[in-house]
Each structure stands twice: as structure tokens, then as C-alpha cells.
>>> print(open('data-v1.tsv').read())   # TSV, C-alpha atoms
chain	number	residue	atom	x	y	z
V	1	GLU	CA	-59.59	104.87	196.67
V	2	GLU	CA	-59.92	106.98	193.55
V	3	GLU	CA	-61.91	110.14	194.04
V	4	GLY	CA	-65.59	109.58	193.32
V	5	ASP	CA	-65.21	105.80	193.00
V	6	ALA	CA	-68.40	104.35	194.52
V	7	THR	CA	-67.96	100.82	193.17
V	8	VAL	CA	-68.47	98.10	195.77
V	9	THR	CA	-66.01	95.23	195.34
V	10	PHE	CA	-66.63	91.50	195.72
V	11	VAL	CA	-64.42	91.26	198.80
V	12	GLU	CA	-66.55	93.94	200.48
V	13	LEU	CA	-69.74	92.00	199.73
V	14	PHE	CA	-68.11	88.85	201.09
V	15	PHE	CA	-67.18	90.80	204.21
V	16	ASP	CA	-70.80	91.97	204.55
V	17	LEU	CA	-72.04	88.36	204.63
V	18	VAL	CA	-70.28	87.86	207.96
V	19	PHE	CA	-72.21	90.74	209.45
V	20	VAL	CA	-75.47	89.57	207.93
V	21	PHE	CA	-74.82	86.35	209.84
V	22	SER	CA	-74.40	88.50	212.96
V	23	ILE	CA	-77.80	90.11	212.37
V	24	VAL	CA	-79.40	86.67	211.98
V	25	GLN	CA	-77.75	85.52	215.20
V	26	LEU	CA	-79.01	88.62	216.99
V	27	SER	CA	-82.59	88.15	215.79
V	28	HIS	CA	-82.58	84.53	216.94
V	29	THR	CA	-81.09	85.54	220.29
V	30	LEU	CA	-83.78	88.17	220.85
V	31	SER	CA	-86.55	85.77	219.80
V	32	ARG	CA	-85.54	83.48	222.67
V	33	ASN	CA	-85.65	86.27	225.25
V	34	TYR	CA	-88.35	88.90	224.82
V	35	SER	CA	-87.85	90.37	228.31
V	36	ALA	CA	-86.77	93.95	228.93
V	37	LEU	CA	-83.30	92.74	229.84
V	38	GLY	CA	-83.17	90.67	226.67
V	39	VAL	CA	-84.02	93.72	224.57
V	40	ILE	CA	-81.33	95.82	226.28
V	41	ARG	CA	-78.72	93.11	225.83
V	42	SER	CA	-79.63	92.52	222.19
V	43	SER	CA	-79.60	96.27	221.52
V	44	THR	CA	-76.13	96.50	223.04
V	45	LEU	CA	-74.88	93.71	220.80
V	46	ILE	CA	-76.45	95.04	217.62
V	47	LEU	CA	-75.04	98.54	218.25
V	48	THR	CA	-71.63	96.94	218.76
V	49	VAL	CA	-71.82	94.89	215.58
V	50	TRP	CA	-73.18	97.83	213.56
V	51	TRP	CA	-70.44	100.16	214.77
V	52	SER	CA	-67.72	97.68	213.84
V	53	TRP	CA	-69.23	97.34	210.35
V	54	ILE	CA	-69.51	101.12	209.95
V	55	TYR	CA	-65.88	101.66	210.94
V	56	THR	CA	-64.67	99.09	208.42
V	57	THR	CA	-66.89	100.45	205.64
V	58	TRP	CA	-65.62	103.94	206.40
V	59	VAL	CA	-61.95	102.84	206.33
V	60	THR	CA	-62.30	101.51	202.77
V	61	ASN	CA	-62.42	105.15	201.64
V	62	TRP	CA	-58.64	105.20	202.15
V	63	VAL	CA	-57.53	101.57	201.93
V	64	HIS	CA	-58.80	100.07	198.69
V	65	PRO	CA	-60.27	96.60	199.36
V	66	GLU	CA	-58.83	95.25	196.10
V	67	SER	CA	-55.27	96.13	197.07
V	68	GLY	CA	-53.09	93.50	198.70
V	69	VAL	CA	-53.15	95.24	202.08
V	70	GLY	CA	-56.88	95.85	201.81
V	71	ARG	CA	-57.63	92.20	201.11
V	72	VAL	CA	-55.47	90.99	204.00
V	73	MET	CA	-57.04	93.48	206.38
V	74	LEU	CA	-60.61	92.62	205.36
V	75	CYS	CA	-59.92	88.88	205.55
V	76	GLY	CA	-58.52	89.31	209.06
V	77	LEU	CA	-61.55	91.37	210.06
V	78	MET	CA	-63.85	88.75	208.51
V	79	PHE	CA	-62.25	86.06	210.64
V	80	LEU	CA	-62.64	88.13	213.81
V	81	GLY	CA	-66.19	89.07	212.82
V	82	LEU	CA	-67.07	85.42	212.30
V	83	LEU	CA	-65.69	84.55	215.73
V	84	GLY	CA	-67.75	87.33	217.27
V	85	SER	CA	-70.87	86.27	215.36
V	86	THR	CA	-70.68	82.68	216.54
V	87	SER	CA	-70.45	83.90	220.15
V	88	ILE	CA	-73.51	86.20	219.99
V	89	PRO	CA	-76.11	83.69	221.28
V	90	ASP	CA	-74.08	83.27	224.48
V	91	ALA	CA	-72.25	86.61	224.54
V	92	PHE	CA	-73.63	87.33	228.01
V	93	GLY	CA	-72.69	83.82	229.13
V	94	SER	CA	-69.77	81.48	228.55
V	95	ARG	CA	-68.74	83.07	225.21
V	96	ALA	CA	-68.27	86.59	226.56
V	97	TRP	CA	-64.49	86.48	226.19
V	98	VAL	CA	-64.72	85.47	222.54
V	99	PHE	CA	-67.13	88.31	221.74
V	100	ALA	CA	-65.21	90.99	223.66
V	101	THR	CA	-61.79	89.92	222.41
V	102	SER	CA	-62.80	89.65	218.75
V	103	HIS	CA	-64.49	93.06	218.83
V	104	THR	CA	-61.55	94.71	220.59
V	105	LEU	CA	-59.00	93.25	218.20
V	106	SER	CA	-61.10	94.32	215.22
V	107	GLN	CA	-61.53	97.90	216.38
V	108	VAL	CA	-58.04	98.61	217.64
V	109	GLY	CA	-56.24	96.48	215.06
V	110	ARG	CA	-58.00	98.02	212.08
V	111	SER	CA	-57.39	101.62	213.14
V	112	ALA	CA	-53.79	100.98	214.15
V	113	THR	CA	-53.10	99.29	210.81
V	114	VAL	CA	-54.53	102.19	208.82
V	115	ALA	CA	-52.62	104.72	210.96
V	116	TYR	CA	-49.40	102.81	210.22
V	117	LEU	CA	-50.11	102.69	206.47
V	118	MET	CA	-51.15	106.34	206.26
V	119	ARG	CA	-47.92	107.64	207.76
V	120	ARG	CA	-46.17	107.00	204.43
V	121	TRP	CA	-48.21	109.38	202.31
V	122	ASP	CA	-50.75	111.30	204.40
V	123	ASN	CA	-49.64	112.66	207.76
V	124	VAL	CA	-53.01	114.32	208.43
V	125	HIS	CA	-54.98	111.09	208.14
V	126	ALA	CA	-52.25	109.16	209.94
V	127	LEU	CA	-52.68	111.50	212.91
V	128	ASN	CA	-56.45	111.19	212.72
V	129	PHE	CA	-56.30	107.41	212.81
V	130	CYS	CA	-53.85	107.58	215.70
V	131	ARG	CA	-56.51	109.54	217.58
V	132	ILE	CA	-59.12	106.92	216.69
V	133	THR	CA	-56.82	104.11	217.81
V	134	VAL	CA	-56.31	105.74	221.21
V	135	TRP	CA	-60.06	106.20	221.75
V	136	LEU	CA	-60.75	102.58	220.84
V	137	ALA	CA	-57.84	101.41	222.99
V	138	VAL	CA	-59.35	103.26	225.95
V	139	ALA	CA	-62.61	101.37	225.43
V	140	ALA	CA	-60.83	98.01	225.05
V	141	PRO	CA	-60.19	97.36	228.79
V	142	LEU	CA	-63.87	97.97	229.50
V	143	TRP	CA	-64.88	95.29	226.99
V	144	LEU	CA	-62.48	92.86	228.62
V	145	ALA	CA	-63.56	93.88	232.12
V	146	GLY	CA	-67.15	93.10	231.12
V	147	ALA	CA	-66.13	89.68	229.88
V	148	ALA	CA	-64.44	89.01	233.22
V	149	SER	CA	-67.37	90.25	235.31
V	150	PRO	CA	-70.64	88.33	234.71
V	151	THR	CA	-72.64	90.38	237.21
V	152	CYS	CA	-71.56	93.78	235.81
V	153	ARG	CA	-71.05	92.73	232.19
V	154	LEU	CA	-73.83	94.86	230.73
V	155	ALA	CA	-72.68	97.99	232.57
V	156	TRP	CA	-69.05	97.57	231.47
V	157	TRP	CA	-70.05	96.96	227.86
V	158	LEU	CA	-72.45	99.91	227.77
V	159	ALA	CA	-69.64	102.13	229.07
V	160	ALA	CA	-67.24	100.80	226.41
V	161	LEU	CA	-69.84	101.28	223.69
V	162	GLY	CA	-70.48	104.80	224.91
V	163	ILE	CA	-66.80	105.68	224.51
V	164	GLU	CA	-66.77	104.32	220.96
V	165	TYR	CA	-69.85	106.34	220.01
V	166	VAL	CA	-68.79	109.55	221.76
V	167	GLY	CA	-65.37	109.51	220.07
V	168	PRO	CA	-66.58	110.75	216.64
V	169	MET	CA	-68.86	113.33	218.30
V	170	ALA	CA	-65.83	114.73	220.12
V	171	GLY	CA	-63.71	114.69	216.98
V	172	PHE	CA	-61.51	112.05	218.67
V	173	TRP	CA	-60.05	114.82	220.83
V	174	LEU	CA	-56.82	114.03	222.66
V	175	PRO	CA	-54.72	116.18	225.01
V	176	GLY	CA	-51.91	117.82	223.07
V	177	LEU	CA	-53.25	116.65	219.70
V	178	GLY	CA	-56.58	118.44	219.67
V	179	HIS	CA	-59.48	117.10	217.65
V	180	SER	CA	-59.99	115.95	214.10
V	181	ALA	CA	-61.70	118.51	211.85
V	182	SER	CA	-64.62	117.25	209.76
V	183	GLU	CA	-63.23	118.85	206.59
V	184	GLN	CA	-60.18	116.58	206.85
V	185	TRP	CA	-62.28	113.49	206.16
V	186	ASP	CA	-62.63	113.19	202.38
V	187	VAL	CA	-65.33	110.52	202.50
V	188	ILE	CA	-66.79	109.14	199.25
V	189	GLY	CA	-70.50	109.50	200.02
V	190	GLY	CA	-71.61	107.41	197.06
V	191	HIS	CA	-69.52	104.46	198.19
V	192	LEU	CA	-70.94	104.51	201.72
V	193	ALA	CA	-74.49	104.82	200.41
V	194	GLU	CA	-73.96	101.89	198.03
V	195	ARG	CA	-72.48	99.73	200.80
V	196	CYS	CA	-75.41	100.43	203.13
V	197	ALA	CA	-77.97	99.77	200.38
V	198	LEU	CA	-76.37	96.45	199.42
V	199	PHE	CA	-76.08	95.43	203.06
V	200	VAL	CA	-79.81	95.98	203.53
V	201	ILE	CA	-80.56	94.00	200.35
V	202	ILE	CA	-78.45	91.06	201.58
V	203	CYS	CA	-80.28	91.15	204.93
V	204	LEU	CA	-83.64	91.16	203.16
V	205	GLY	CA	-82.53	88.25	201.00
V	206	GLU	CA	-81.55	86.28	204.09
V	207	THR	CA	-84.96	87.07	205.60
V	208	ILE	CA	-86.72	85.73	202.50
V	209	LEU	CA	-84.66	82.52	202.58
V	210	VAL	CA	-85.35	81.89	206.26
V	211	THR	CA	-89.05	82.69	205.89
V	212	GLY	CA	-89.41	80.39	202.91
V	213	GLN	CA	-87.51	77.59	204.62
V	214	LEU	CA	-89.62	77.77	207.77
V	215	TYR	CA	-92.87	77.95	205.80
V	216	SER	CA	-91.97	74.94	203.64
V	217	ALA	CA	-91.16	72.90	206.75
V	218	SER	CA	-94.32	73.89	208.64
V	219	PRO	CA	-97.73	72.18	208.43
V	220	ARG	CA	-100.18	73.69	205.95
V	221	THR	CA	-102.81	75.47	208.01
V	222	PRO	CA	-104.80	78.66	207.37
V	223	CYS	CA	-102.86	80.40	210.13
V	224	HIS	CA	-99.50	79.51	208.63
V	225	ASP	CA	-100.66	80.51	205.14
V	226	LEU	CA	-101.96	83.85	206.45
V	227	ALA	CA	-98.74	84.54	208.34
V	228	PHE	CA	-96.66	83.72	205.26
V	229	ALA	CA	-98.79	85.97	203.07
>>> encode(input="data-v1.tsv", output="C-alpha cells")
Amino acid sequence: EEEGDATVTFVELFFDLVFVFSIVQLSHTLSRNYSALGVIRSSTLILTVWWSWIYTTWVTNWVHPESGVGRVMLCGLMFLGLLGSTSIPDAFGSRAWVFATSHTLSQVGRSATVAYLMRRWDNVHALNFCRITVWLAVAAPLWLAGAASPTCRLAWWLAALGIEYVGPMAGFWLPGLGHSASEQWDVIGGHLAERCALFVIICLGETILVTGQLYSASPRTPCHDLAFA
């Protein structure tokens, strides 16, 4: 993207809607299971969804979403995100493979694609995204192992999530390649801030719609009126 360009494009907002749907799915899933295990499982899923969104938002600093490649990449990630979102209510049940596979393909596929594109004009960032791809590829078998193991699913997925979160803290260090230096990442802070702000606004808008819909369909009682107020 052009230096200092903080404009959020329509395709990015459309992409965000998929993840707002994920947040709605997560809230409904948690509301049906308020146990300690339910909280841990829901927290694992929301951290997974959030991290996938953050990675994609971050990548648009280098791949403009209005370019042909950017649109194709975001549309592919939207499709995978939608698959993952629909599987959230039963991610720890029969839809585990859908959730794990869609997340793995999103993470590894996005970073590998950007690494391939970067090699043409920016060897430094190409190397950095190669490091990221390797870290995410290391986590991928753990996601799939969790999907294949119902009894140990949470443990496998927490381990995979830990690798994905530790990677940036370690500078995506790899043997022989070293780590990525923070000064190499020319991130447009204004763009990230605008994306996060708009994402929160969309989530709040969805909350208002759901609240209004439920209130209009509920019987008019003092308790319902007080809760709505």
C-alpha cells in the first residue's frame, strides 16, 4: 500500500463481516455452555478467530486489497473464514475437521502467498513471510491432530495456538535464518487502527440488531423493558 494510506476499502469491510459472524457464533456458543470448560473452549476459539483476523489485517499493509491479487486472496480467505464460522457451534464436536482445516489453510495459505508475491520486489519481506509460513506450518499438524482426537482436542489446539502466538514474540526465529527485526516491518499504524475501530463498530451494530430483534419478539413485561433499557 502507499505509505501513510490508512483508507479502509470496501472489500476489507466485507471481509470483516465474516468475522463479525464468527463473534456472533461464539457468543451464542458460550451462552449455551456457561461451565468452566465452556469458557475455556470459547476462549480458545475466539483467540483463534481473532488471530486469523489480525494476520489478514496486518498483511494488507503490503498487499493492497483493491489490487487483483489482493481481492482474490481476501475472497479466498472470506470463504475459508465462513466455513470456519459455520463450524464454531460444534467445533469441539462433529465439525472439528472443518474448523481446523479452514483455519490451517487460511494461516498457511495467506502467508505462503504473500511470501511468493514478495520475492519479486522485496527480498527482506519475502524472507520474513517465509519465516511466518514455517511457524504456522509447524502449528498446522497440531490443529489437525486435535480434530482427529476428540478426547485431547483442547490440549492439541491450545498447543497449536500457543505456537502461533509465540511466533511474533520470538521474531519468527528459524535455525539458519535468524529472527525478523521489528524495524523491518513498515506497518501503517493508521490503517490498523482504522480497521480495528470499524470492526468494533460493526460488532456493536450487530449487537444492536440482535437486541432489538429479540426485544420486539418478546412479551412486553416490566422485566423485559428494564433489561432492554
>>> residues_around(input="data-v1.tsv", residues="segment 112-127 of chain V", least_positions_apart="6", cutoff="8 Å", atoms="all atoms listed in the file", output="CSV table (one decimal) with C-alpha atoms, in the frame of the given file")
chain,number,residue,atom,x,y,z
V,59,VAL,CA,-62.0,102.8,206.3
V,63,VAL,CA,-57.5,101.6,201.9
V,133,THR,CA,-56.8,104.1,217.8
V,184,GLN,CA,-60.2,116.6,206.8
V,185,TRP,CA,-62.3,113.5,206.2
>>> closest_residue(input="data-v1.tsv", among="V:Leu47, V:Ala217, V:Val134, V:Val24", to="Pro175 of chain V", atoms="all atoms listed in the file")
V:Val134
>>> atom_distance(input="data-v1.tsv", atom1="atom CA of Leu204 of chain V", atom2="atom CA of Ser22 of chain V")
13.7 Å
>>> residues_around(input="data-v1.tsv", residues="Val138 of chain V", least_positions_apart="3", cutoff="10 Å", atoms="all atoms listed in the file", output="count of residues only")
11
>>> atom_distance(input="data-v1.tsv", atom1="atom CA of Phe92 of chain V", atom2="atom CA of Thr207 of chain V")
25.1 Å
>>> atom_distance(input="data-v1.tsv", atom1="atom CA of Phe19 of chain V", atom2="atom CA of Ser87 of chain V")
12.8 Å
>>> residues_around(input="data-v1.tsv", residues="Thr9 of chain V", least_positions_apart="2", cutoff="8 Å", atoms="all atoms listed in the file", output="ChimeraX atom specification")
/V:7,11-13,65-66
>>> closest_residue(input="data-v1.tsv", among="V:Ala139, V:Leu82, V:Val200, V:Ile88", to="Arg41 of chain V", atoms="all atoms listed in the file")
V:Ile88
>>> residues_around(input="data-v1.tsv", residues="Ile202 of chain V", least_positions_apart="3", cutoff="12 Å", atoms="all atoms listed in the file", output="PDB file with C-alpha atoms, in the frame of the given file")
ATOM      1  CA  LEU V  13     -69.740  92.000 199.730  1.00  0.00           C
ATOM      2  CA  PHE V  14     -68.110  88.850 201.090  1.00  0.00           C
ATOM      3  CA  PHE V  15     -67.180  90.800 204.210  1.00  0.00           C
ATOM      4  CA  ASP V  16     -70.800  91.970 204.550  1.00  0.00           C
ATOM      5  CA  LEU V  17     -72.040  88.360 204.630  1.00  0.00           C
ATOM      6  CA  VAL V  18     -70.280  87.860 207.960  1.00  0.00           C
ATOM      7  CA  PHE V  19     -72.210  90.740 209.450  1.00  0.00           C
ATOM      8  CA  VAL V  20     -75.470  89.570 207.930  1.00  0.00           C
ATOM      9  CA  PHE V  21     -74.820  86.350 209.840  1.00  0.00           C
ATOM     10  CA  ILE V  23     -77.800  90.110 212.370  1.00  0.00           C
ATOM     11  CA  VAL V  24     -79.400  86.670 211.980  1.00  0.00           C
ATOM     12  CA  ARG V 195     -72.480  99.730 200.800  1.00  0.00           C
ATOM     13  CA  CYS V 196     -75.410 100.430 203.130  1.00  0.00           C
ATOM     14  CA  ALA V 197     -77.970  99.770 200.380  1.00  0.00           C
ATOM     15  CA  LEU V 198     -76.370  96.450 199.420  1.00  0.00           C
ATOM     16  CA  PHE V 199     -76.080  95.430 203.060  1.00  0.00           C
ATOM     17  CA  GLY V 205     -82.530  88.250 201.000  1.00  0.00           C
ATOM     18  CA  GLU V 206     -81.550  86.280 204.090  1.00  0.00           C
ATOM     19  CA  THR V 207     -84.960  87.070 205.600  1.00  0.00           C
ATOM     20  CA  ILE V 208     -86.720  85.730 202.500  1.00  0.00           C
ATOM     21  CA  LEU V 209     -84.660  82.520 202.580  1.00  0.00           C
TER      22      LEU V 209
END
